[in-house]
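*Asks:* Please find one structure pasted underneath; my questions will follow.
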Amino acid sequence: LYPLQVARSDGWLYSYATLQPFLRWRYALSIGVPSLLKVICGNNGRVYVTLVQYNTIYALSAELGTLIWQVKVGPLGEASSTVTVDSSG
């Protein structure tokens, strides 16, 4: 399964399976999706979402789409908004 995450401007983040395209899960971000949003998949079963405009990082379960944690950081700029994932995830 090779998931693909798609954020829509209405505030929903979707995860699709790409081998047999179907919706795996969706997650409602607490706000509408801003113009600067970054999504990265870790190798630890998590999807990380950075909302630069709101200085917030989310960690979601890549399998279920459930919130693991959410943290306010920043202020974030475009250059500092990408989550770095190391070998442990």
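Ligands are numbered from 1 in the order shown, residues from 1 within each chain, and chains are lettered A, B, ... in the order they appear in the structure tokens.
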Can you tell me which residues surround Leu23 in chain A at a distance of at most 12 Å, considering only C-alpha atoms, apart from same-chain residues fewer than 4 positions away, and format the answer as an MDAnalysis selection string?
*Replies:* chainID A and resid 3:6 13:19 27 63:65
*Asks:* Given only C-alpha atoms as the basis, pick out the residue of A:Ile40, A:Val71, A:Gly45, A:Ser9 nearest to Ile57 in chain A.
*Replies:*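 Using only C-alpha atoms, Ile57 in chain A sits closest to A:Val71.
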*Asks:* Identify, on the basis of only C-alpha atoms, every residue whose closest approach to Lys72 in chain A does not exceed 8 Å; exclude the query and any residue fewer than 3 positions from it along the same chain; express the result as a PyMOL selection string.
*Replies:* chain A and resi 54-57
*Asks:* Write to file, as a compact mmCIF listing (two decimals), in the first residue's frame, the residues of the selection just made, with all heavy atoms.
*Replies:*
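And here is the file that came out, selection.txt:
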```
# COMPACT_ATOMS: atom_id res chain seq x y z
N TYR A 54 -0.65 28.90 11.15
CA TYR A 54 -1.13 28.73 12.52
C TYR A 54 -0.07 28.20 13.47
O TYR A 54 -0.37 27.87 14.62
CB TYR A 54 -2.36 27.81 12.52
CG TYR A 54 -3.47 28.38 11.70
CD1 TYR A 54 -3.72 27.92 10.41
CD2 TYR A 54 -4.25 29.42 12.18
CE1 TYR A 54 -4.73 28.47 9.64
CE2 TYR A 54 -5.26 29.99 11.42
CZ TYR A 54 -5.50 29.50 10.15
OH TYR A 54 -6.49 30.05 9.38
N ASN A 55 1.20 28.07 12.99
CA ASN A 55 2.33 27.62 13.83
C ASN A 55 2.02 26.30 14.53
O ASN A 55 2.32 26.12 15.70
CB ASN A 55 2.69 28.69 14.87
CG ASN A 55 3.07 30.00 14.23
OD1 ASN A 55 3.78 30.03 13.24
ND2 ASN A 55 2.57 31.08 14.77
N THR A 56 1.41 25.37 13.81
CA THR A 56 0.95 24.12 14.41
C THR A 56 1.47 22.92 13.62
O THR A 56 1.48 22.95 12.39
CB THR A 56 -0.59 24.08 14.45
OG1 THR A 56 -1.06 25.23 15.15
CG2 THR A 56 -1.10 22.84 15.15
N ILE A 57 1.87 21.89 14.35
CA ILE A 57 2.28 20.61 13.74
C ILE A 57 1.37 19.52 14.31
O ILE A 57 1.15 19.45 15.51
CB ILE A 57 3.75 20.28 14.02
CG1 ILE A 57 4.66 21.38 13.47
CG2 ILE A 57 4.12 18.93 13.43
CD1 ILE A 57 6.12 21.22 13.84
```
*Asks:* Interatomic distance between CA of Pro21 in chain A and CA of Leu67 in chain A?
*Replies:*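 Separating CA of Pro21 in chain A from CA of Leu67 in chain A is a distance of 23.2 Å.
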